[in-house]
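The file entry.tsv comes next; it holds TSV, C-alpha atoms.
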chain	number	residue	atom	x	y	z
A	1	MET	CA	0.00	0.00	0.00
A	2	SER	CA	1.42	3.35	-0.98
A	3	SER	CA	1.03	6.15	1.53
A	4	VAL	CA	1.95	9.79	1.03
A	5	ARG	CA	1.83	12.43	3.72
A	6	ILE	CA	0.66	15.80	2.40
A	7	GLY	CA	1.86	19.01	3.97
A	8	GLY	CA	3.55	19.66	7.28
A	9	SER	CA	2.58	21.94	10.11
A	10	ALA	CA	1.32	25.45	9.44
A	11	GLU	CA	4.59	26.65	10.91
A	12	ASP	CA	6.48	24.67	8.25
A	13	ARG	CA	4.41	26.40	5.62
A	14	ILE	CA	5.28	29.80	7.01
A	15	ARG	CA	8.95	28.96	6.92
A	16	ASN	CA	8.65	27.75	3.37
A	17	GLY	CA	7.27	31.09	2.26
A	18	ALA	CA	5.51	31.57	-1.08
A	19	ARG	CA	5.32	33.68	-4.22
A	20	TRP	CA	2.63	36.29	-4.51
A	21	THR	CA	2.30	35.49	-8.18
A	22	ARG	CA	1.16	32.06	-7.12
A	23	ILE	CA	-1.44	33.52	-4.83
A	24	LYS	CA	-2.69	35.76	-7.64
A	25	ARG	CA	-3.56	32.69	-9.65
A	26	SER	CA	-5.87	31.53	-6.92
A	27	ALA	CA	-8.85	33.59	-7.98
A	28	ARG	CA	-9.51	31.67	-11.17
A	29	LEU	CA	-9.25	28.37	-9.34
A	30	GLY	CA	-12.30	28.77	-7.21
A	31	LEU	CA	-10.65	29.23	-3.85
A	32	LEU	CA	-12.99	29.12	-0.96
A	33	PHE	CA	-11.00	31.24	1.42
A	34	ALA	CA	-7.94	33.12	0.38
A	35	ALA	CA	-7.66	33.94	4.06
A	36	VAL	CA	-5.78	30.69	4.35
A	37	VAL	CA	-3.10	32.08	2.10
A	38	GLU	CA	-1.57	34.04	4.93
A	39	ALA	CA	-0.46	30.78	6.46
A	40	ILE	CA	2.55	30.93	4.21
A	41	ILE	CA	3.43	34.59	4.40
A	42	PRO	CA	6.50	35.06	6.56
A	43	PHE	CA	5.29	38.04	8.57
A	44	ALA	CA	5.45	38.43	12.28
A	45	ALA	CA	1.76	37.78	12.82
A	46	GLN	CA	-0.44	39.91	15.04
A	47	SER	CA	-4.21	39.98	15.27
A	48	ALA	CA	-5.29	43.14	13.49
A	49	ASP	CA	-8.71	43.33	15.12
A	50	ASP	CA	-11.09	41.59	17.45
A	51	LEU	CA	-11.91	38.60	15.25
A	52	LYS	CA	-12.19	35.50	17.42
A	53	LEU	CA	-11.86	31.80	16.74
A	54	PRO	CA	-15.39	30.36	17.17
A	55	ALA	CA	-15.49	27.64	19.79
A	56	SER	CA	-18.41	25.68	18.39
A	57	PHE	CA	-17.84	25.64	14.62
A	58	ARG	CA	-17.82	21.85	14.40
A	59	HIS	CA	-21.54	22.07	15.12
A	60	TRP	CA	-22.16	24.59	12.36
A	61	TYR	CA	-23.63	23.76	8.97
A	62	HIS	CA	-21.04	21.94	6.81
A	63	VAL	CA	-21.06	23.83	3.50
A	64	ASN	CA	-18.66	21.71	1.46
A	65	THR	CA	-15.20	20.15	1.34
A	66	MET	CA	-12.39	20.77	-1.15
A	67	ILE	CA	-8.95	19.20	-1.42
A	68	ILE	CA	-5.97	21.06	-2.85
A	69	ASP	CA	-3.48	18.42	-3.93
A	70	LYS	CA	0.17	18.58	-4.92
A	71	ASP	CA	-0.76	19.01	-8.61
A	72	SER	CA	-2.29	22.40	-7.80
A	73	PRO	CA	-0.31	25.63	-8.23
A	74	LEU	CA	-1.85	26.53	-4.85
A	75	PHE	CA	-0.47	23.50	-3.07
A	76	GLU	CA	2.43	25.22	-1.37
A	77	ALA	CA	0.19	27.99	-0.12
A	78	MET	CA	-3.03	26.16	0.65
A	79	GLY	CA	-2.53	22.44	0.24
A	80	GLY	CA	-4.83	20.27	2.32
A	81	MET	CA	-8.43	19.32	2.94
A	82	HIS	CA	-10.65	22.39	3.32
A	83	ASN	CA	-13.76	21.73	5.37
A	84	VAL	CA	-16.01	24.79	5.10
A	85	TYR	CA	-18.68	25.71	7.67
A	86	ILE	CA	-21.13	28.61	8.10
A	87	ASN	CA	-22.87	29.85	11.24
A	88	SER	CA	-26.66	29.90	11.45
A	89	THR	CA	-26.79	33.65	10.73
A	90	GLY	CA	-25.69	33.09	7.14
A	91	GLU	CA	-27.44	29.85	6.21
A	92	ALA	CA	-30.46	31.34	4.45
A	93	ALA	CA	-28.24	33.68	2.42
A	94	LEU	CA	-25.98	30.78	1.42
A	95	LYS	CA	-28.94	29.04	-0.20
A	96	LYS	CA	-29.68	32.22	-2.18
A	97	GLY	CA	-26.03	32.82	-3.13
A	98	GLY	CA	-25.75	35.92	-0.94
A	99	PRO	CA	-25.64	38.76	0.01
A	100	TYR	CA	-24.86	37.85	3.60
A	101	PRO	CA	-26.20	39.63	6.71
A	102	ASP	CA	-23.91	41.13	9.34
A	103	LYS	CA	-22.53	38.57	11.82
A	104	THR	CA	-22.38	35.86	9.18
A	105	VAL	CA	-19.21	33.80	9.68
A	106	PHE	CA	-17.67	31.42	7.18
A	107	LEU	CA	-14.95	29.17	8.55
A	108	VAL	CA	-12.40	26.96	6.79
A	109	ASP	CA	-10.99	24.16	8.89
A	110	LEU	CA	-7.90	23.19	6.88
A	111	HIS	CA	-6.49	19.75	7.60
A	112	GLU	CA	-3.61	17.71	6.29
A	113	PHE	CA	-4.48	14.52	4.43
A	114	THR	CA	-2.84	11.25	3.47
A	115	ILE	CA	-3.30	9.24	0.29
A	116	SER	CA	-3.45	5.44	0.42
A	117	ASP	CA	-4.27	3.53	-2.75
A	118	GLY	CA	-6.41	6.36	-4.09
A	119	SER	CA	-8.18	7.14	-0.82
A	120	TYR	CA	-7.68	10.69	0.49
A	121	VAL	CA	-8.01	10.55	4.26
A	122	GLU	CA	-8.33	13.53	6.59
A	123	GLY	CA	-5.47	14.20	9.00
A	124	PRO	CA	-4.60	16.77	11.69
A	125	ARG	CA	-5.53	20.46	11.56
A	126	LYS	CA	-3.16	22.91	9.83
A	127	VAL	CA	-5.02	26.23	9.93
A	128	THR	CA	-8.45	27.55	10.87
A	129	ALA	CA	-9.59	30.67	8.96
A	130	VAL	CA	-12.70	32.83	9.24
A	131	MET	CA	-14.42	35.66	7.41
A	132	LEU	CA	-16.91	37.69	9.47
A	133	LYS	CA	-19.46	40.02	7.88
A	134	ASP	CA	-19.73	43.57	9.22
A	135	LYS	CA	-20.53	45.95	6.41
A	136	LYS	CA	-19.44	49.10	8.27
A	137	LYS	CA	-16.45	47.89	10.22
A	138	TYR	CA	-14.87	46.05	7.30
A	139	ALA	CA	-16.03	48.31	4.47
A	140	ALA	CA	-12.50	48.46	3.05
A	141	THR	CA	-12.47	44.70	2.47
A	142	GLY	CA	-15.91	44.13	0.99
A	143	GLY	CA	-17.67	44.11	4.34
A	144	TRP	CA	-15.73	41.08	5.55
A	145	GLY	CA	-13.16	40.79	8.32
A	146	PHE	CA	-10.54	38.07	7.87
A	147	GLN	CA	-8.38	36.14	10.31
A	148	ALA	CA	-6.74	32.73	10.56
A	149	TRP	CA	-4.89	30.79	13.25
A	150	ALA	CA	-2.02	28.35	12.84
A	151	GLY	CA	-3.09	24.90	13.98
A	152	GLY	CA	-6.41	26.38	15.10
A	153	ASP	CA	-4.55	27.88	18.08
A	154	PRO	CA	-6.19	31.17	19.20
A	155	SER	CA	-2.77	32.43	20.31
A	156	LYS	CA	-1.36	32.11	16.79
A	157	PRO	CA	-3.18	34.59	14.50
A	158	LEU	CA	-1.71	34.87	11.01
A	159	VAL	CA	-3.42	37.78	9.26
A	160	THR	CA	-1.71	41.16	9.54
A	161	ASP	CA	-2.80	42.70	6.21
A	162	PRO	CA	-6.30	41.47	5.35
A	163	THR	CA	-6.45	43.37	2.07
A	164	LYS	CA	-3.32	41.84	0.66
A	165	GLN	CA	-3.46	38.45	2.36
A	166	CYS	CA	-7.18	37.79	1.92
A	167	PHE	CA	-9.42	40.28	0.16
A	168	GLU	CA	-7.50	40.65	-3.10
A	169	CYS	CA	-8.28	37.03	-3.99
A	170	HIS	CA	-11.94	37.41	-3.02
A	171	GLN	CA	-12.58	40.46	-5.19
A	172	PRO	CA	-13.45	38.48	-8.36
A	173	LYS	CA	-16.42	37.00	-6.48
A	174	LYS	CA	-18.09	40.37	-5.86
A	175	ASP	CA	-21.32	39.06	-7.41
A	176	GLN	CA	-21.45	36.41	-4.66
A	177	ASP	CA	-20.68	38.94	-1.92
A	178	TYR	CA	-16.99	37.97	-2.17
A	179	VAL	CA	-17.68	34.35	-1.20
A	180	TYR	CA	-16.37	31.43	-3.26
A	181	SER	CA	-18.49	28.72	-1.62
A	182	THR	CA	-21.87	28.01	-3.11
A	183	TYR	CA	-24.74	25.95	-1.80
A	184	ILE	CA	-24.56	22.25	-2.69
A	185	PRO	CA	-27.90	20.57	-1.89
B	1	MET	CA	-7.14	24.03	-17.08
B	2	SER	CA	-7.77	20.33	-16.99
B	3	SER	CA	-11.11	19.20	-15.65
B	4	VAL	CA	-12.20	15.64	-15.01
B	5	ARG	CA	-15.68	14.59	-13.97
B	6	ILE	CA	-15.65	11.73	-11.48
B	7	GLY	CA	-18.46	9.26	-11.31
B	8	GLY	CA	-21.94	9.36	-12.79
B	9	SER	CA	-25.28	8.99	-11.12
B	10	ALA	CA	-25.90	6.29	-8.56
B	11	GLU	CA	-28.07	4.62	-11.16
B	12	ASP	CA	-25.09	4.49	-13.52
B	13	ARG	CA	-23.12	2.76	-10.81
B	14	ILE	CA	-25.81	0.18	-10.34
B	15	ARG	CA	-25.81	-0.57	-14.05
B	16	ASN	CA	-22.06	-0.87	-14.03
B	17	GLY	CA	-22.20	-3.55	-11.37
B	18	ALA	CA	-19.14	-4.61	-9.40
B	19	ARG	CA	-17.07	-7.53	-8.19
B	20	TRP	CA	-17.53	-8.81	-4.67
B	21	THR	CA	-13.81	-9.53	-4.47
B	22	ARG	CA	-13.29	-5.83	-4.89
B	23	ILE	CA	-15.59	-5.07	-2.04
B	24	LYS	CA	-13.74	-7.56	0.14
B	25	ARG	CA	-10.62	-5.48	-0.20
B	26	SER	CA	-12.38	-2.53	1.29
B	27	ALA	CA	-11.79	-3.46	4.91
B	28	ARG	CA	-8.06	-2.88	4.86
B	29	LEU	CA	-8.50	0.47	3.16
B	30	GLY	CA	-10.24	2.15	6.02
B	31	LEU	CA	-13.69	2.45	4.52
B	32	LEU	CA	-16.01	4.60	6.48
B	33	PHE	CA	-19.25	3.00	5.43
B	34	ALA	CA	-19.42	-0.15	3.42
B	35	ALA	CA	-23.13	0.52	3.34
B	36	VAL	CA	-22.42	2.64	0.32
B	37	VAL	CA	-21.18	-0.42	-1.50
B	38	GLU	CA	-24.69	-1.52	-2.24
B	39	ALA	CA	-25.04	1.38	-4.62
B	40	ILE	CA	-23.39	-0.80	-7.20
B	41	ILE	CA	-25.06	-4.12	-6.55
B	42	PRO	CA	-27.57	-4.83	-9.27
B	43	PHE	CA	-30.41	-6.04	-7.09
B	44	ALA	CA	-34.00	-4.95	-7.27
B	45	ALA	CA	-33.81	-2.81	-4.17
B	46	GLN	CA	-36.37	-2.78	-1.40
B	47	SER	CA	-36.13	-1.32	2.07
B	48	ALA	CA	-35.60	-4.28	4.39
B	49	ASP	CA	-36.76	-2.46	7.51
B	50	ASP	CA	-37.92	0.83	8.89
B	51	LEU	CA	-34.68	2.75	8.55
B	52	LYS	CA	-35.43	6.29	7.49
B	53	LEU	CA	-33.41	8.98	5.71
B	54	PRO	CA	-32.79	11.69	8.35
B	55	ALA	CA	-34.13	15.06	7.23
B	56	SER	CA	-31.72	17.25	9.18
B	57	PHE	CA	-28.36	15.55	8.82
B	58	ARG	CA	-26.68	18.60	7.29
B	59	HIS	CA	-26.98	20.14	10.74
B	60	TRP	CA	-25.34	17.17	12.45
B	61	TYR	CA	-21.74	17.05	13.60
B	62	HIS	CA	-19.39	16.71	10.60
B	63	VAL	CA	-17.08	13.82	11.53
B	64	ASN	CA	-14.68	13.85	8.57
B	65	THR	CA	-14.41	13.77	4.81
B	66	MET	CA	-12.72	11.17	2.59
B	67	ILE	CA	-12.29	11.03	-1.17
B	68	ILE	CA	-12.07	7.76	-3.09
B	69	ASP	CA	-10.37	8.57	-6.38
B	70	LYS	CA	-9.98	6.62	-9.61
B	71	ASP	CA	-6.66	5.16	-8.41
B	72	SER	CA	-8.51	3.25	-5.69
B	73	PRO	CA	-9.61	-0.37	-6.19
B	74	LEU	CA	-12.84	0.82	-4.58
B	75	PHE	CA	-13.50	3.53	-7.12
B	76	GLU	CA	-16.05	1.67	-9.15
B	77	ALA	CA	-18.01	0.72	-6.06
B	78	MET	CA	-17.60	3.80	-3.89
B	79	GLY	CA	-15.84	6.54	-5.83
B	80	GLY	CA	-16.63	10.07	-4.70
B	81	MET	CA	-16.39	12.47	-1.81
B	82	HIS	CA	-17.65	10.93	1.43
B	83	ASN	CA	-18.89	13.51	3.92
B	84	VAL	CA	-19.54	11.73	7.22
B	85	TYR	CA	-21.90	13.02	9.92
B	86	ILE	CA	-23.10	11.72	13.31
B	87	ASN	CA	-26.23	12.63	15.27
B	88	SER	CA	-25.98	14.12	18.74
B	89	THR	CA	-26.75	10.77	20.39
B	90	GLY	CA	-23.39	9.36	19.31
B	91	GLU	CA	-21.06	12.34	19.65
B	92	ALA	CA	-19.65	11.56	23.09
B	93	ALA	CA	-18.99	7.96	22.09
B	94	LEU	CA	-17.23	9.10	18.91
B	95	LYS	CA	-14.72	11.03	21.00
B	96	LYS	CA	-14.03	7.87	23.04
B	97	GLY	CA	-13.85	5.59	19.98
B	98	GLY	CA	-17.10	3.79	20.87
B	99	PRO	CA	-19.05	1.76	21.87
B	100	TYR	CA	-22.09	3.67	20.64
B	101	PRO	CA	-25.45	3.95	22.42
B	102	ASP	CA	-28.71	2.87	20.81
B	103	LYS	CA	-30.17	5.48	18.44
B	104	THR	CA	-26.72	6.62	17.31
B	105	VAL	CA	-26.80	7.31	13.56
B	106	PHE	CA	-23.78	7.67	11.31
B	107	LEU	CA	-24.50	9.07	7.86
B	108	VAL	CA	-22.37	9.21	4.72
B	109	ASP	CA	-23.38	11.86	2.21
B	110	LEU	CA	-21.55	10.65	-0.91
B	111	HIS	CA	-21.05	13.25	-3.63
B	112	GLU	CA	-19.42	13.32	-7.02
B	113	PHE	CA	-16.40	15.56	-7.41
B	114	THR	CA	-14.46	17.25	-10.19
B	115	ILE	CA	-10.72	17.82	-10.42
B	116	SER	CA	-9.37	21.09	-11.82
B	117	ASP	CA	-5.62	21.71	-11.70
B	118	GLY	CA	-5.20	19.64	-8.55
B	119	SER	CA	-8.29	20.99	-6.76
B	120	TYR	CA	-10.91	18.39	-5.86
B	121	VAL	CA	-14.27	20.16	-5.78
B	122	GLU	CA	-17.52	18.73	-4.39
B	123	GLY	CA	-20.34	18.03	-6.84
B	124	PRO	CA	-23.89	16.64	-6.71
B	125	ARG	CA	-25.05	13.89	-4.39
B	126	LYS	CA	-24.73	10.23	-5.49
B	127	VAL	CA	-25.87	8.25	-2.47
B	128	THR	CA	-26.80	8.84	1.15
B	129	ALA	CA	-26.14	5.93	3.53
B	130	VAL	CA	-26.83	5.43	7.23
B	131	MET	CA	-26.04	3.01	10.01
B	132	LEU	CA	-28.40	3.11	13.03
B	133	LYS	CA	-27.51	1.50	16.36
B	134	ASP	CA	-30.06	-0.80	17.98
B	135	LYS	CA	-28.33	-3.61	19.80
B	136	LYS	CA	-31.36	-5.89	19.99
B	137	LYS	CA	-33.06	-5.24	16.69
B	138	TYR	CA	-29.90	-5.50	14.62
B	139	ALA	CA	-28.02	-8.07	16.73
B	140	ALA	CA	-27.23	-10.14	13.62
B	141	THR	CA	-25.24	-7.24	12.10
B	142	GLY	CA	-23.22	-6.05	15.07
B	143	GLY	CA	-26.08	-4.01	16.53
B	144	TRP	CA	-26.27	-1.74	13.49
B	145	GLY	CA	-29.01	-1.37	10.90
B	146	PHE	CA	-27.88	-0.32	7.42
B	147	GLN	CA	-29.63	1.45	4.57
B	148	ALA	CA	-28.74	3.75	1.67
B	149	TRP	CA	-30.68	5.74	-0.91
B	150	ALA	CA	-29.72	6.50	-4.50
B	151	GLY	CA	-29.31	10.26	-4.94
B	152	GLY	CA	-30.49	10.75	-1.37
B	153	ASP	CA	-34.02	9.97	-2.58
B	154	PRO	CA	-36.12	8.31	0.17
B	155	SER	CA	-38.03	6.41	-2.52
B	156	LYS	CA	-34.88	4.70	-3.77
B	157	PRO	CA	-33.50	2.43	-1.02
B	158	LEU	CA	-30.60	0.22	-2.08
B	159	VAL	CA	-29.92	-2.25	0.73
B	160	THR	CA	-31.69	-5.60	0.53
B	161	ASP	CA	-29.11	-7.80	2.27
B	162	PRO	CA	-27.40	-5.76	5.01
B	163	THR	CA	-25.13	-8.61	6.07
B	164	LYS	CA	-23.63	-9.11	2.65
B	165	GLN	CA	-23.87	-5.57	1.33
B	166	CYS	CA	-22.74	-3.77	4.49
B	167	PHE	CA	-21.81	-5.67	7.62
B	168	GLU	CA	-19.21	-8.03	6.18
B	169	CYS	CA	-16.92	-5.09	5.46
B	170	HIS	CA	-17.48	-3.60	8.92
B	171	GLN	CA	-16.60	-6.77	10.84
B	172	PRO	CA	-12.83	-6.07	10.98
B	173	LYS	CA	-13.60	-2.94	13.02
B	174	LYS	CA	-15.25	-4.84	15.88
B	175	ASP	CA	-12.92	-3.12	18.38
B	176	GLN	CA	-14.41	0.24	17.31
B	177	ASP	CA	-17.99	-1.06	17.50
B	178	TYR	CA	-17.84	-1.79	13.74
B	179	VAL	CA	-17.25	1.88	12.87
B	180	TYR	CA	-14.41	2.99	10.58
B	181	SER	CA	-14.61	6.69	11.36
B	182	THR	CA	-12.54	7.99	14.24
B	183	TYR	CA	-12.59	11.34	15.98
B	184	ILE	CA	-10.37	13.98	14.38
B	185	PRO	CA	-10.05	16.99	16.71

Conversion result in structure tokens:
Amino acid sequence: MSSVRIGGSAEDRIRNGARWTRIKRSARLGLLFAAVVEAIIPFAAQSADDLKLPASFRHWYHVNTMIIDKDSPLFEAMGGMHNVYINSTGEAALKKGGPYPDKTVFLVDLHEFTISDGSYVEGPRKVTAVMLKDKKKYAATGGWGFQAWAGGDPSKPLVTDPTKQCFECHQPKKDQDYVYSTYIP
Amino acid sequence: MSSVRIGGSAEDRIRNGARWTRIKRSARLGLLFAAVVEAIIPFAAQSADDLKLPASFRHWYHVNTMIIDKDSPLFEAMGGMHNVYINSTGEAALKKGGPYPDKTVFLVDLHEFTISDGSYVEGPRKVTAVMLKDKKKYAATGGWGFQAWAGGDPSKPLVTDPTKQCFECHQPKKDQDYVYSTYIP
């Protein structure tokens, strides 16, 4: 049985660094949350605002899952299994394709994965990323605040420049209120 | 951009048929729910008992996701993206690795997926499968009742012989109360 381990810790990813040109390509590839991109940007990370890691997201509505594999140009930046959730505030809007009311939160729980004989199996957490809707507070970034935490650890925020690290890749989805995820019945 | 569509409808799978020897291999590959296997068995399907398709499972706890790709020997039988959920009755037991109390339900929501430049993106539903714990009623199959529905359609049950179609592949996981899924924090 062949077995391949995909990705290391979020910290490894940060050390590896990445090319912004690579991140630019992300838009056309249907990224769910470019917020995760910051996981590889070698900044000294500080929380830029009061965005918090939600404690209960595993009980939220599971929107979809996406895997970014080693064949993707995004692998270095965002490789892994992306489990996407939404809080109850945004559920009705998700089914309509947006726009989303204030206090909507999307969350990506990004995990490593292993491949064994063609089965892609979920592994440990790499990064947890959120986007929180507040039209006034985050007007400069489409009404969304962005943050992410290495390993899902609230003491390890990663986003210091939400415009550059997150919002630039979400701009092409303006017609979906800057959200890549769509409702899958 | 390369794009590959994986899998057809559940009905297509049934027409394709499958080899039981292939299903036998499933145990060592960490299958989550062999119940899904029946989607490819060309029986005239009738619901063998009163197992029902849960209406609200998208609000249940998302246990994990697994993809079975075309490189897997299980692809013909179970190819797709397996989103696994558990009802609230079983959550505490999941975190301990079982055993599970009566009325626990595990559910696999099996979807097609497409691959674009190394990104595996969730598509439409193929099959929804459940296993329901009732130690007395389902004593002959490890205390679990099994059923699945083509396309998630309650009028299209697929399991007619739960021992052969489902339980035989779950037997190797007796030490986890016949459940393949494990808790991923």

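By all atoms listed in the file, and with residues fewer than 5 positions from Asp102 in chain B along its chain excluded, the set lying at most 7 Å from it is Lys133, Asp134 and Lys135 of chain B.
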
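Proximity to chain A was assessed for B:Thr160, B:Thr141, B:Thr182, B:Gln176 counting all atoms listed in the file; the smallest distance is recorded for B:Thr182.
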
Please produce, as JSON lines, a per-residue contact table for chain B versus chain A (criterion: any atom at most 6 Å away, all atoms listed in the file considered), showing the nearest atom pair and its distance in Å to one decimal, sorted by chain then residue number.
{"residue": "B:His59", "atom": "CA", "partner": "A:Tyr61", "partner_atom": "CA", "distance": 5.2}
{"residue": "B:Tyr61", "atom": "CA", "partner": "A:His59", "partner_atom": "CA", "distance": 5.2}
{"residue": "B:Met66", "atom": "CA", "partner": "A:Val121", "partner_atom": "CA", "distance": 5.0}
{"residue": "B:Ile67", "atom": "CA", "partner": "A:Tyr120", "partner_atom": "CA", "distance": 4.9}
{"residue": "B:Ile68", "atom": "CA", "partner": "A:Ser119", "partner_atom": "CA", "distance": 4.5}
{"residue": "B:Asp69", "atom": "CA", "partner": "A:Gly118", "partner_atom": "CA", "distance": 5.1}
{"residue": "B:Asp71", "atom": "CA", "partner": "A:Gly118", "partner_atom": "CA", "distance": 4.5}
{"residue": "B:Ser72", "atom": "CA", "partner": "A:Gly118", "partner_atom": "CA", "distance": 4.1}
{"residue": "B:Asp117", "atom": "CA", "partner": "A:Ser72", "partner_atom": "CA", "distance": 5.2}
{"residue": "B:Gly118", "atom": "CA", "partner": "A:Ser72", "partner_atom": "CA", "distance": 4.1}
{"residue": "B:Ser119", "atom": "CA", "partner": "A:Ile68", "partner_atom": "CA", "distance": 4.5}
{"residue": "B:Tyr120", "atom": "CA", "partner": "A:Ile67", "partner_atom": "CA", "distance": 4.9}
{"residue": "B:Val121", "atom": "CA", "partner": "A:Met66", "partner_atom": "CA", "distance": 5.0}

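Between CA of Ala55 in chain B and CA of Ala55 in chain A there is a distance of 25.8 Å.
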
Val105 in chain B environment, 10 Å, all atoms listed in the file, sequence neighbours closer than 3 positions dropped, as a CSV table (one decimal) with C-alpha atoms, in the frame of the given file:
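Dumped to out.csv:
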chain,number,residue,atom,x,y,z
B,54,PRO,CA,-32.8,11.7,8.4
B,57,PHE,CA,-28.4,15.6,8.8
B,85,TYR,CA,-21.9,13.0,9.9
B,86,ILE,CA,-23.1,11.7,13.3
B,87,ASN,CA,-26.2,12.6,15.3
B,88,SER,CA,-26.0,14.1,18.7
B,89,THR,CA,-26.8,10.8,20.4
B,90,GLY,CA,-23.4,9.4,19.3
B,91,GLU,CA,-21.1,12.3,19.6
B,100,TYR,CA,-22.1,3.7,20.6
B,101,PRO,CA,-25.4,4.0,22.4
B,102,ASP,CA,-28.7,2.9,20.8
B,130,VAL,CA,-26.8,5.4,7.2
B,131,MET,CA,-26.0,3.0,10.0
B,132,LEU,CA,-28.4,3.1,13.0
B,133,LYS,CA,-27.5,1.5,16.4
B,134,ASP,CA,-30.1,-0.8,18.0
B,144,TRP,CA,-26.3,-1.7,13.5
B,145,GLY,CA,-29.0,-1.4,10.9
B,146,PHE,CA,-27.9,-0.3,7.4

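The space separating CA of Tyr180 in chain B from CA of Val127 in chain B comes to 18.1 Å.
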
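The space between CA of Tyr138 in chain A and CA of Leu158 in chain A spans 17.7 Å.
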
Exercise. In terms of the shortest atom-to-atom distance over only C-alpha atoms, which of B:Lys137, B:Asp161, B:Gly143, B:Val84 is closest to Tyr178 in chain B?
Worked result: B:Gly143

Exercise. Quick one: of B:Pro172, B:Lys103, B:Ala129, B:Gly97, who's nearest to Pro157 in chain B, counting all atoms listed in the file?
Worked result: B:Ala129

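In this comparison, which uses only C-alpha atoms, the residue of B:Lys156, B:Lys95, B:Lys126, B:Lys136 approaching Leu53 in chain B most closely is B:Lys156.
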